[in-house]
>>> print(open('upload.csv').read())   # CSV, C-alpha atoms
chain,number,residue,atom,x,y,z
A,1,MET,CA,-28.7,-0.3,0.0
A,2,LEU,CA,-28.8,3.4,0.6
A,3,LEU,CA,-29.0,3.9,4.3
A,4,GLY,CA,-31.6,6.5,5.2
A,5,GLY,CA,-31.6,8.0,1.7
A,6,ALA,CA,-30.5,11.5,1.0
A,7,LEU,CA,-30.6,14.0,3.8
A,8,VAL,CA,-31.2,17.6,2.9
A,9,LEU,CA,-30.4,19.9,5.8
A,10,PRO,CA,-32.4,23.2,5.7
A,11,PRO,CA,-30.1,26.2,5.7
A,12,ALA,CA,-30.7,29.2,7.9
A,13,ALA,CA,-31.3,31.3,4.8
A,14,ALA,CA,-32.0,30.6,1.1
A,15,ALA,CA,-29.1,28.6,-0.3
A,16,ASP,CA,-27.3,29.9,-3.4
A,17,GLU,CA,-25.2,26.7,-4.0
A,18,ALA,CA,-25.5,23.0,-3.3
A,19,LEU,CA,-23.0,20.5,-2.0
A,20,VAL,CA,-23.5,16.7,-2.5
A,21,ILE,CA,-21.5,14.2,-0.4
A,22,ASP,CA,-21.5,10.4,-0.6
A,23,TYR,CA,-20.0,8.4,2.3
A,24,ILE,CA,-20.1,5.0,4.0
A,25,ILE,CA,-21.8,4.2,7.3
A,26,SER,CA,-20.9,1.2,9.4
A,27,THR,CA,-22.3,2.2,12.8
A,28,SER,CA,-24.9,4.5,14.3
A,29,ALA,CA,-22.1,6.5,16.0
A,30,GLN,CA,-20.5,7.1,12.6
A,31,ARG,CA,-23.8,8.3,11.2
A,32,THR,CA,-24.4,10.6,14.1
A,33,ALA,CA,-20.9,12.1,13.7
A,34,TRP,CA,-21.4,12.8,10.0
A,35,ILE,CA,-24.7,14.4,10.6
A,36,HIS,CA,-23.2,16.6,13.4
A,37,ILE,CA,-20.4,17.7,11.0
A,38,VAL,CA,-22.8,18.6,8.2
A,39,ASN,CA,-25.1,20.4,10.7
A,40,GLN,CA,-22.2,22.5,11.9
A,41,PHE,CA,-21.0,23.3,8.4
A,42,SER,CA,-24.6,24.2,7.4
A,43,ALA,CA,-25.0,26.6,10.3
A,44,ALA,CA,-21.8,28.3,9.5
A,45,ASN,CA,-22.5,28.4,5.7
A,46,PRO,CA,-26.2,29.1,5.2
A,47,ASP,CA,-25.7,29.9,1.6
A,48,ILE,CA,-24.8,26.3,0.8
A,49,LYS,CA,-27.5,23.5,0.8
A,50,VAL,CA,-25.9,20.2,1.8
A,51,ILE,CA,-27.3,16.9,0.5
A,52,HIS,CA,-25.6,13.8,1.8
A,53,HIS,CA,-26.0,10.1,1.0
A,54,SER,CA,-25.0,7.3,3.3
A,55,TYR,CA,-24.3,3.8,2.0
A,56,ALA,CA,-23.5,0.4,3.4
A,57,GLN,CA,-19.8,-0.5,2.9
A,58,GLU,CA,-19.8,-3.5,0.6
A,59,GLU,CA,-22.5,-2.0,-1.7
A,60,TYR,CA,-20.6,1.4,-1.8
A,61,LYS,CA,-17.4,-0.3,-2.9
A,62,ARG,CA,-19.2,-2.3,-5.6
A,63,SER,CA,-20.9,0.7,-7.1
A,64,PHE,CA,-18.2,3.4,-6.6
A,65,THR,CA,-16.9,3.6,-10.1
A,66,GLU,CA,-20.4,3.5,-11.7
A,67,ARG,CA,-21.5,6.4,-9.4
A,68,LEU,CA,-18.4,8.4,-10.4
A,69,HIS,CA,-19.6,8.0,-14.0
A,70,THR,CA,-23.3,8.7,-13.4
A,71,GLY,CA,-23.5,10.4,-10.0
A,72,LYS,CA,-23.7,14.0,-9.0
A,73,ALA,CA,-21.5,13.9,-5.9
A,74,ASP,CA,-19.1,16.8,-5.3
A,75,LEU,CA,-17.2,14.8,-2.6
A,76,ALA,CA,-17.1,11.1,-2.1
A,77,PHE,CA,-15.6,8.8,0.6
A,78,TRP,CA,-12.9,6.5,-0.7
A,79,TYR,CA,-9.6,4.6,0.1
A,80,ALA,CA,-6.0,5.5,-0.6
A,81,GLY,CA,-4.1,2.9,-2.6
A,82,GLU,CA,-4.5,1.2,-6.0
A,83,ARG,CA,-8.3,1.8,-6.1
A,84,LEU,CA,-7.7,5.5,-5.8
A,85,HIS,CA,-4.9,5.3,-8.4
A,86,GLU,CA,-7.2,3.5,-10.9
A,87,ALA,CA,-10.0,6.1,-10.5
A,88,ALA,CA,-7.5,9.0,-10.9
A,89,THR,CA,-5.7,7.6,-13.9
A,90,ARG,CA,-9.1,7.0,-15.6
A,91,LYS,CA,-9.7,10.8,-15.1
A,92,LEU,CA,-12.7,10.2,-12.8
A,93,LEU,CA,-11.3,12.4,-10.1
A,94,SER,CA,-10.0,15.9,-9.8
A,95,PRO,CA,-6.8,16.5,-7.7
A,96,LEU,CA,-6.6,19.0,-4.9
A,97,GLU,CA,-5.3,22.4,-6.0
A,98,PRO,CA,-1.7,23.2,-5.0
A,99,GLY,CA,-3.0,25.9,-2.6
A,100,GLN,CA,-5.3,23.3,-0.9
A,101,VAL,CA,-2.3,21.0,-0.4
A,102,GLU,CA,-0.3,23.8,1.1
A,103,PHE,CA,-3.2,24.8,3.3
A,104,LEU,CA,-3.4,21.2,4.7
A,105,LEU,CA,0.3,21.1,5.4
A,106,ASN,CA,-0.1,24.4,7.3
A,107,LYS,CA,-2.9,22.7,9.3
A,108,LYS,CA,-0.4,20.0,10.3
A,109,PHE,CA,-1.7,17.2,8.1
A,110,ALA,CA,1.1,14.6,8.1
A,111,PRO,CA,2.9,14.7,4.8
A,112,ALA,CA,2.8,10.9,4.6
A,113,THR,CA,-1.0,11.0,4.5
A,114,LEU,CA,-1.0,13.4,1.6
A,115,ASP,CA,1.8,11.6,-0.2
A,116,GLY,CA,-0.3,8.4,0.2
A,117,THR,CA,-2.7,9.8,-2.4
A,118,ARG,CA,-0.1,11.5,-4.6
A,119,ILE,CA,-0.4,10.3,-8.2
A,120,ASP,CA,1.8,11.7,-10.9
A,121,GLY,CA,2.8,14.6,-8.6
A,122,GLU,CA,-0.8,15.6,-7.7
A,123,VAL,CA,-2.7,14.9,-4.4
A,124,TYR,CA,-6.1,13.2,-5.0
A,125,GLY,CA,-7.3,12.6,-1.5
A,126,PHE,CA,-8.3,14.7,1.5
A,127,PRO,CA,-7.2,12.6,4.5
A,128,VAL,CA,-10.0,11.9,6.9
A,129,TYR,CA,-8.4,9.3,9.2
A,130,TYR,CA,-6.3,6.2,9.2
A,131,TYR,CA,-5.8,3.4,11.7
A,132,GLY,CA,-3.4,0.6,12.8
A,133,TRP,CA,-4.1,-3.1,12.8
A,134,GLY,CA,-3.2,-5.6,15.4
A,135,PHE,CA,-4.6,-8.2,17.7
A,136,ILE,CA,-7.7,-7.3,19.8
A,137,TYR,CA,-8.0,-9.2,23.1
A,138,ARG,CA,-9.5,-9.0,26.5
A,139,LYS,CA,-7.0,-7.6,29.1
A,140,SER,CA,-8.7,-9.5,32.0
A,141,LEU,CA,-8.4,-12.8,30.2
A,142,PHE,CA,-4.7,-12.3,29.6
A,143,LYS,CA,-4.1,-11.2,33.2
A,144,ARG,CA,-6.0,-14.2,34.5
A,145,LEU,CA,-3.8,-16.6,32.5
A,146,GLY,CA,-0.6,-14.6,33.2
A,147,ILE,CA,-0.1,-13.8,29.5
A,148,ALA,CA,1.7,-10.6,28.4
A,149,PRO,CA,0.9,-9.3,24.9
A,150,PRO,CA,3.5,-11.1,22.8
A,151,ARG,CA,6.2,-9.2,20.9
A,152,THR,CA,7.9,-12.0,19.1
A,153,TRP,CA,6.6,-14.9,17.0
A,154,SER,CA,7.8,-17.5,19.5
A,155,ASP,CA,6.0,-15.7,22.3
A,156,PHE,CA,2.9,-15.5,20.0
A,157,ILE,CA,2.9,-19.3,19.4
A,158,ASP,CA,3.3,-19.8,23.2
A,159,THR,CA,0.3,-17.5,23.8
A,160,CYS,CA,-1.7,-19.6,21.4
A,161,LYS,CA,-0.7,-22.8,23.2
A,162,ARG,CA,-1.6,-21.4,26.6
A,163,LEU,CA,-5.0,-20.2,25.5
A,164,LYS,CA,-5.8,-23.5,23.9
A,165,ALA,CA,-4.7,-25.4,27.0
A,166,ALA,CA,-7.2,-23.2,29.0
A,167,GLY,CA,-10.0,-24.4,26.7
A,168,ILE,CA,-10.1,-21.1,24.7
A,169,ALA,CA,-9.7,-21.0,20.9
A,170,PRO,CA,-6.7,-18.7,20.4
A,171,LEU,CA,-7.8,-17.0,17.2
A,172,ALA,CA,-10.9,-15.9,15.4
A,173,VAL,CA,-11.3,-14.6,11.8
A,174,GLY,CA,-14.5,-13.6,10.1
A,175,ALA,CA,-13.6,-14.2,6.4
A,176,ARG,CA,-17.1,-14.0,4.9
A,177,HIS,CA,-16.0,-11.0,2.7
A,178,GLY,CA,-12.4,-12.1,2.4
A,179,TRP,CA,-10.6,-9.0,3.6
A,180,PRO,CA,-10.2,-10.0,7.3
A,181,ALA,CA,-8.3,-13.1,6.0
A,182,ALA,CA,-6.3,-10.9,3.7
A,183,GLY,CA,-5.1,-9.0,6.7
A,184,TRP,CA,-3.3,-12.2,7.8
A,185,PHE,CA,-1.7,-12.6,4.4
A,186,ASP,CA,-0.5,-9.0,4.4
A,187,TYR,CA,1.0,-9.2,7.8
A,188,LEU,CA,2.8,-12.5,7.3
A,189,ASN,CA,4.1,-11.3,4.0
A,190,LEU,CA,5.3,-8.0,5.5
A,191,ARG,CA,7.0,-9.9,8.4
A,192,ILE,CA,8.6,-12.6,6.3
A,193,ASN,CA,9.4,-10.8,3.0
A,194,GLY,CA,9.2,-7.1,3.7
A,195,ILE,CA,7.4,-4.1,2.3
A,196,ASP,CA,9.2,-3.9,-1.1
A,197,PHE,CA,8.3,-7.5,-2.1
A,198,HIS,CA,4.8,-7.0,-0.8
A,199,ARG,CA,4.2,-3.9,-2.9
A,200,LYS,CA,5.6,-5.5,-6.0
A,201,LEU,CA,3.5,-8.6,-5.5
A,202,LEU,CA,0.3,-6.6,-5.2
A,203,ARG,CA,1.2,-4.5,-8.2
A,204,GLY,CA,1.6,-7.7,-10.3
A,205,ASP,CA,5.4,-7.4,-10.6
A,206,GLU,CA,6.0,-10.6,-8.7
A,207,LYS,CA,4.2,-13.9,-9.1
A,208,PHE,CA,2.1,-15.6,-6.4
A,209,ASP,CA,3.7,-19.0,-7.1
A,210,ASP,CA,7.0,-17.5,-6.0
A,211,ALA,CA,8.7,-19.6,-3.2
A,212,ARG,CA,8.5,-16.5,-0.9
A,213,VAL,CA,4.7,-16.5,-1.1
A,214,ARG,CA,4.6,-20.2,-0.3
A,215,LYS,CA,6.5,-19.3,2.9
A,216,VAL,CA,3.7,-17.0,3.9
A,217,PHE,CA,1.0,-19.7,3.4
A,218,ASP,CA,3.2,-22.2,5.1
A,219,ALA,CA,3.4,-20.1,8.3
A,220,TRP,CA,-0.3,-19.4,8.2
A,221,GLY,CA,-1.0,-23.1,7.6
A,222,GLU,CA,1.0,-24.1,10.7
A,223,LEU,CA,-1.4,-22.0,12.8
A,224,LEU,CA,-4.4,-23.5,11.1
A,225,ARG,CA,-3.2,-27.1,11.4
A,226,GLY,CA,-2.4,-26.4,15.0
A,227,GLY,CA,-6.1,-25.9,15.7
A,228,TYR,CA,-5.6,-22.3,16.8
A,229,PHE,CA,-8.5,-20.8,14.8
A,230,LEU,CA,-12.1,-21.1,15.9
A,231,ASP,CA,-13.8,-22.9,13.1
A,232,ALA,CA,-17.2,-21.3,13.9
A,233,THR,CA,-15.9,-17.9,12.9
A,234,MET,CA,-14.5,-18.7,9.5
A,235,GLY,CA,-17.5,-17.9,7.4
A,236,GLN,CA,-18.9,-15.0,9.5
A,237,ASP,CA,-18.6,-11.3,9.0
A,238,TRP,CA,-15.9,-9.4,10.8
A,239,ASP,CA,-18.2,-7.9,13.5
A,240,GLN,CA,-20.0,-11.2,14.1
A,241,VAL,CA,-16.7,-12.7,15.5
A,242,LEU,CA,-16.2,-10.0,18.1
A,243,PRO,CA,-18.7,-11.5,20.7
A,244,TYR,CA,-16.5,-14.7,20.7
A,245,VAL,CA,-13.7,-12.5,22.1
A,246,TYR,CA,-16.1,-10.7,24.5
A,247,ARG,CA,-17.1,-14.1,25.9
A,248,ASN,CA,-13.6,-15.5,26.1
A,249,GLN,CA,-14.5,-18.1,23.6
A,250,ALA,CA,-11.7,-16.8,21.3
A,251,GLY,CA,-8.6,-15.1,22.7
A,252,MET,CA,-7.6,-12.8,19.8
A,253,VAL,CA,-8.8,-11.4,16.5
A,254,LEU,CA,-6.6,-9.6,14.0
A,255,MET,CA,-8.4,-6.4,13.1
A,256,GLY,CA,-8.1,-2.7,12.7
A,257,SER,CA,-8.9,-0.3,15.6
A,258,PHE,CA,-12.2,0.6,14.0
A,259,ALA,CA,-13.6,-2.5,15.5
A,260,ALA,CA,-13.6,-0.7,18.9
A,261,ALA,CA,-16.6,1.3,17.6
A,262,LYS,CA,-18.6,-1.9,18.0
A,263,PHE,CA,-17.5,-2.7,21.6
A,264,PRO,CA,-20.3,-2.7,24.2
A,265,ALA,CA,-19.7,0.2,26.6
A,266,ALA,CA,-19.4,-2.2,29.6
A,267,ILE,CA,-16.4,-4.1,28.3
A,268,ALA,CA,-14.8,-1.5,26.1
A,269,PRO,CA,-12.2,-0.5,28.8
A,270,ASP,CA,-11.2,-4.2,29.0
A,271,MET,CA,-10.3,-4.5,25.3
A,272,GLY,CA,-6.7,-4.1,24.3
A,273,LEU,CA,-4.7,-4.0,21.0
A,274,PHE,CA,-1.1,-5.2,20.4
A,275,ALA,CA,1.0,-5.1,17.2
A,276,PHE,CA,1.5,-8.1,15.0
A,277,PRO,CA,4.6,-9.8,16.5
A,278,ARG,CA,8.0,-9.7,14.9
A,279,MET,CA,9.0,-12.9,13.1
A,280,THR,CA,12.7,-12.1,12.5
A,281,GLN,CA,14.9,-9.4,14.2
A,282,ASP,CA,16.5,-8.2,11.0
A,283,MET,CA,13.1,-7.3,9.3
A,284,PRO,CA,11.9,-3.7,10.0
A,285,VAL,CA,8.4,-3.5,11.5
A,286,TYR,CA,6.0,-2.6,8.7
A,287,GLU,CA,2.3,-2.1,9.6
A,288,GLU,CA,-1.1,-2.0,7.9
A,289,ALA,CA,-2.6,1.5,8.2
A,290,PRO,CA,-5.6,1.9,5.8
A,291,LEU,CA,-6.1,5.6,4.9
A,292,ASP,CA,-9.6,6.8,4.3
A,293,VAL,CA,-10.1,10.0,2.3
A,294,LEU,CA,-12.6,12.3,0.6
A,295,VAL,CA,-12.1,12.6,-3.2
A,296,GLN,CA,-13.4,15.0,-5.7
A,297,PRO,CA,-15.4,13.4,-8.6
A,298,VAL,CA,-14.9,15.1,-11.9
A,299,GLY,CA,-18.6,15.3,-12.3
A,300,GLY,CA,-19.1,17.4,-9.2
A,301,LYS,CA,-21.0,20.6,-10.1
A,302,ASN,CA,-20.1,22.7,-7.1
A,303,PRO,CA,-16.3,23.0,-6.8
A,304,ALA,CA,-16.4,26.2,-4.7
A,305,ALA,CA,-18.8,24.6,-2.1
A,306,ARG,CA,-16.6,21.5,-1.8
A,307,LYS,CA,-13.5,23.6,-1.4
A,308,ARG,CA,-15.2,25.5,1.5
A,309,PHE,CA,-16.3,22.2,3.1
A,310,LEU,CA,-12.8,20.7,3.0
A,311,ALA,CA,-11.3,23.9,4.5
A,312,TYR,CA,-13.9,23.7,7.2
A,313,LEU,CA,-12.9,20.1,8.0
A,314,ALA,CA,-9.2,21.0,8.1
A,315,GLU,CA,-9.5,23.9,10.5
A,316,SER,CA,-12.6,23.4,12.6
A,317,GLY,CA,-11.7,20.2,14.5
A,318,ALA,CA,-14.9,18.6,13.2
A,319,LEU,CA,-13.1,15.5,12.1
A,320,ALA,CA,-12.2,14.6,15.7
A,321,ARG,CA,-15.8,13.7,16.3
A,322,LEU,CA,-15.7,11.2,13.4
A,323,GLN,CA,-12.4,9.8,14.4
A,324,GLU,CA,-13.7,9.2,17.9
A,325,ALA,CA,-16.8,7.5,16.5
A,326,ASN,CA,-14.7,5.3,14.3
A,327,GLN,CA,-11.9,4.7,16.9
A,328,THR,CA,-9.4,5.8,14.3
A,329,VAL,CA,-6.3,8.0,14.2
A,330,SER,CA,-6.2,11.6,13.1
A,331,PRO,CA,-4.0,12.6,10.1
A,332,GLN,CA,-3.2,15.9,11.8
A,333,ALA,CA,-0.1,16.1,14.0
A,334,GLY,CA,-0.7,16.9,17.6
A,335,SER,CA,-3.9,15.0,17.8
A,336,SER,CA,-4.0,12.2,20.3
A,337,ALA,CA,-6.3,9.6,21.9
A,338,PRO,CA,-6.9,9.1,25.6
A,339,ARG,CA,-4.0,7.2,27.3
A,340,GLY,CA,-4.6,3.5,27.7
A,341,SER,CA,-7.4,3.4,25.1
A,342,LEU,CA,-7.4,1.1,22.1
A,343,ARG,CA,-7.2,4.2,19.8
A,344,ALA,CA,-4.0,5.2,21.6
A,345,ALA,CA,-2.5,1.7,20.9
A,346,SER,CA,-3.5,2.1,17.3
A,347,HIS,CA,-1.8,5.5,17.2
A,348,ALA,CA,1.4,4.0,18.6
A,349,ILE,CA,1.4,1.1,16.1
A,350,VAL,CA,1.2,3.6,13.2
A,351,ASN,CA,3.8,6.0,14.6
A,352,ASP,CA,6.3,3.3,15.4
A,353,ALA,CA,6.2,1.7,12.0
A,354,ALA,CA,9.2,1.6,9.6
A,355,GLY,CA,6.7,1.8,6.8
A,356,LEU,CA,3.0,1.6,6.1
A,357,THR,CA,0.8,-0.3,3.6
A,358,PHE,CA,-2.9,0.4,3.0
A,359,PHE,CA,-4.3,-3.1,3.0
A,360,PHE,CA,-4.5,-5.9,0.4
A,361,ASP,CA,-7.7,-4.9,-1.5
A,362,ARG,CA,-6.6,-1.2,-1.5
A,363,ASP,CA,-3.1,-1.8,-2.7
A,364,ALA,CA,-3.7,-4.7,-5.1
A,365,LYS,CA,-4.7,-4.5,-8.8
A,366,ALA,CA,-8.5,-4.8,-9.0
A,367,ALA,CA,-8.3,-8.1,-11.0
A,368,MET,CA,-6.2,-9.6,-8.3
A,369,VAL,CA,-8.5,-9.1,-5.3
A,370,GLN,CA,-11.3,-11.6,-5.8
A,371,PRO,CA,-9.2,-14.5,-6.9
A,372,ALA,CA,-6.9,-13.9,-4.0
A,373,PHE,CA,-9.8,-13.6,-1.5
A,374,ASP,CA,-11.4,-16.8,-2.8
A,375,ALA,CA,-8.1,-18.7,-2.5
A,376,MET,CA,-7.5,-17.4,1.1
A,377,ARG,CA,-11.0,-18.4,2.1
A,378,ARG,CA,-10.4,-21.9,0.7
A,379,PHE,CA,-7.0,-22.0,2.5
A,380,LEU,CA,-8.8,-21.5,5.8
A,381,MET,CA,-10.5,-24.9,5.3
A,382,PRO,CA,-8.5,-28.2,5.5
A,383,PRO,CA,-6.1,-29.4,4.2
A,384,HIS,CA,-4.6,-25.8,4.2
A,385,ASP,CA,-2.6,-26.5,1.1
A,386,SER,CA,0.0,-23.8,0.4
A,387,GLU,CA,0.8,-25.1,-3.1
A,388,GLN,CA,-2.9,-25.1,-4.1
A,389,ALA,CA,-3.4,-21.6,-2.8
A,390,VAL,CA,-0.5,-19.9,-4.6
A,391,ARG,CA,-1.2,-21.8,-7.9
A,392,SER,CA,-4.9,-21.0,-7.9
A,393,ILE,CA,-4.2,-17.3,-7.5
A,394,GLU,CA,-1.5,-17.3,-10.2
A,395,ARG,CA,-3.7,-19.3,-12.6
A,396,ALA,CA,-6.6,-16.9,-12.1
A,397,LEU,CA,-4.3,-13.9,-12.8
A,398,HIS,CA,-2.5,-15.6,-15.8
A,399,PRO,CA,-4.7,-18.4,-17.2
A,400,PRO,CA,-3.0,-20.8,-19.6
A,401,ARG,CA,-3.4,-19.8,-23.3
A,402,THR,CA,-5.8,-21.9,-25.3
A,403,ASP,CA,-4.2,-21.1,-28.7
A,404,GLY,CA,-1.3,-23.5,-28.3
A,405,GLY,CA,1.1,-20.8,-27.2
A,406,LYS,CA,3.1,-20.7,-24.0
A,407,PRO,CA,1.4,-19.5,-20.8
A,408,ARG,CA,1.5,-15.8,-20.4
>>> encode(input="upload.csv", output="structure tokens")
Amino acid sequence: MLLGGALVLPPAAAADEALVIDYIISTSAQRTAWIHIVNQFSAANPDIKVIHHSYAQEEYKRSFTERLHTGKADLAFWYAGERLHEAATRKLLSPLEPGQVEFLLNKKFAPATLDGTRIDGEVYGFPVYYYGWGFIYRKSLFKRLGIAPPRTWSDFIDTCKRLKAAGIAPLAVGARHGWPAAGWFDYLNLRINGIDFHRKLLRGDEKFDDARVRKVFDAWGELLRGGYFLDATMGQDWDQVLPYVYRNQAGMVLMGSFAAAKFPAAIAPDMGLFAFPRMTQDMPVYEEAPLDVLVQPVGGKNPAARKRFLAYLAESGALARLQEANQTVSPQAGSSAPRGSLRAASHAIVNDAAGLTFFFDRDAKAAMVQPAFDAMRRFLMPPHDSEQAVRSIERALHPPRTDGGKPR
């Protein structure tokens, strides 16, 4: 679904050049922020006519590659990780020019955010924002029950037990589209097996029926069999589970800080975020920090206009409005969120990390994503069979040969 269609903003004078931008819209605040940015740019650049298209997230992801082939966009919203790598290696995107990269470094864009889109030595993404993941909860509920945000796995299990004893489901997960459940897999794998194994697994260099992956599902299964997840949320979308937390029907939900954009104003100050607890002291703390970027489709017809727009974003401070609307973290050093806010907690999670990953469906090979999501959704349902989960993913990725040969 194209949300609101294409918006053409009338320039102050006759435009000599056009600029076409495609992006995702999840909230009205996000839409307002994008329109404000485009309006400001148009006022400062009356010789450029701006046409921008807004899309719903899931539809945008499904049609992204097709639109790169057939579309006219000069700039398009996308994600750092394997999805970006695939588009770049298929020659569907143009890299930033070396001068642009140097310009961004001079504008204090964190080198890690630029390196996160570096492929074969070239940078393919203009960083827009990134954000940490963690457990969202109500501060007043934890205070009433005398619970401090847990830092270790044993404390986390104790928190779950205390919430359950109070008649509150400890955890919610809206796994309708798979990726919120994948956040659980990512974090457990990072905490148990570390970032190197996690990256190799998602690249296809390790197998899902490895004993180390079974440990991940075993740890997850203990929580599920313990009755710590609210069954009513399993098949819902990510934002549909948030009211359960607002109403103290669920104590925590594992989610990125972007969820704060959905919080009702009356309770937003009462919402907190804490990092996924450590499971072993000898494992460095790695975090999920999806990085969202603007990319340059090869088919774009207006390279000069898009270069001016990216320069405007980098030096005008316009991105701050979008980051506030999304409750995300700026890629530019020196930017900060209000103290005590959920965005500030997200910023701290990212900054304190020993290493960052971009999220399962951004880091994994495309063929891996749907089989893994399907298996994770099934795993949320009884009997929470670890062996079945890892074997089903591995079979989907490497089906037995039917010609009499050995399995691949």
>>> residues_near_point(input="upload.csv", point="(-16.8, -9.3, 19.1)", cutoff="10 Å", atoms="all atoms listed in the file", output="number ranges by chain")
A: 136-137, 172, 238-248, 250, 252-253, 259-260, 262-264
>>> closest_residue(input="upload.csv", among="A:Ala18, A:Ala265, A:Leu141, A:Ala372", to="Ala166 of chain A", atoms="only C-alpha atoms")
A:Leu141
>>> residues_around(input="upload.csv", residues="Arg83 of chain A", least_positions_apart="4", cutoff="10 Å", atoms="only C-alpha atoms", output="MDAnalysis selection string")
chainID A and resid 61 65 78:79 87:88 361:366
>>> closest_atom_pairs(input="upload.csv", of="segment 46-164 of chain A", to="segment 319-342 of chain A", cutoff="12 Å", atoms="all atoms listed in the file", output="CSV")
residue,atom,partner,partner_atom,distance
A:Leu104,CA,A:Gln332,CA,8.9
A:Leu105,CA,A:Gln332,CA,9.0
A:Asn106,CA,A:Gln332,CA,10.1
A:Lys107,CA,A:Gln332,CA,7.3
A:Lys108,CA,A:Gln332,CA,5.2
A:Phe109,CA,A:Gln332,CA,4.2
A:Ala110,CA,A:Gln332,CA,5.8
A:Pro111,CA,A:Pro331,CA,9.0
A:Ala112,CA,A:Pro331,CA,8.9
A:Thr113,CA,A:Pro331,CA,6.6
A:Leu114,CA,A:Pro331,CA,9.0
A:Asp115,CA,A:Pro331,CA,11.9
A:Gly116,CA,A:Pro331,CA,11.4
A:Phe126,CA,A:Pro331,CA,9.8
A:Pro127,CA,A:Pro331,CA,6.4
A:Val128,CA,A:Pro331,CA,6.8
A:Tyr129,CA,A:Ser330,CA,5.0
A:Tyr130,CA,A:Val329,CA,5.3
A:Tyr131,CA,A:Thr328,CA,5.0
A:Gly132,CA,A:Val329,CA,8.1
A:Trp133,CA,A:Thr328,CA,10.5
A:Gly134,CA,A:Leu342,CA,10.4
A:Phe135,CA,A:Leu342,CA,10.7
A:Ile136,CA,A:Leu342,CA,8.7
A:Tyr137,CA,A:Leu342,CA,10.4
A:Arg138,CA,A:Leu342,CA,11.2
A:Lys139,CA,A:Leu342,CA,11.2
>>> atom_distance(input="upload.csv", atom1="atom CA of Pro277 of chain A", atom2="atom CA of Ile349 of chain A")
11.4 Å
>>> atom_distance(input="upload.csv", atom1="atom CA of Arg203 of chain A", atom2="atom CA of Phe358 of chain A")
12.9 Å
>>> closest_residue(input="upload.csv", among="A:Ala211, A:Ala181, A:Leu273, A:Ala169", to="Arg378 of chain A", atoms="all atoms listed in the file")
A:Ala181
>>> closest_residue(input="upload.csv", among="A:Phe156, A:Met381, A:Val350, A:Leu92", to="Leu230 of chain A", atoms="all atoms listed in the file")
A:Met381
>>> atom_distance(input="upload.csv", atom1="atom CA of Val295 of chain A", atom2="atom CA of Asn45 of chain A")
20.9 Å
>>> closest_residue(input="upload.csv", among="A:Arg377, A:Arg395, A:Arg306, A:Arg67", to="Gln100 of chain A", atoms="only C-alpha atoms")
A:Arg306
>>> residues_around(input="upload.csv", residues="Phe359 of chain A", least_positions_apart="2", cutoff="12 Å", atoms="only C-alpha atoms", output="PyMOL selection string")
chain A and resi 79-83+130-133+179-187+189-190+195+198-199+202+255-256+286-292+356-357+361-365+369
>>> residues_near_point(input="upload.csv", point="(8.1, -18.5, -2.5)", cutoff="12 Å", atoms="only C-alpha atoms", output="list in words")
Asn189, Ile192, Asn193, Phe197, Leu201, Glu206, Lys207, Phe208, Asp209, Asp210, Ala211, Arg212, Val213, Arg214, Lys215, Val216, Phe217, Asp218, Ala219, Ser386, Glu387, Ala389, Val390 and Arg391 of chain A
>>> closest_residue(input="upload.csv", among="A:Ser316, A:Ser54, A:Ser63, A:Thr280", to="Gln40 of chain A", atoms="all atoms listed in the file")
A:Ser316
>>> closest_residue(input="upload.csv", among="A:Leu75, A:Ala56, A:Leu171, A:Ala345", to="Arg31 of chain A", atoms="all atoms listed in the file")
A:Ala56
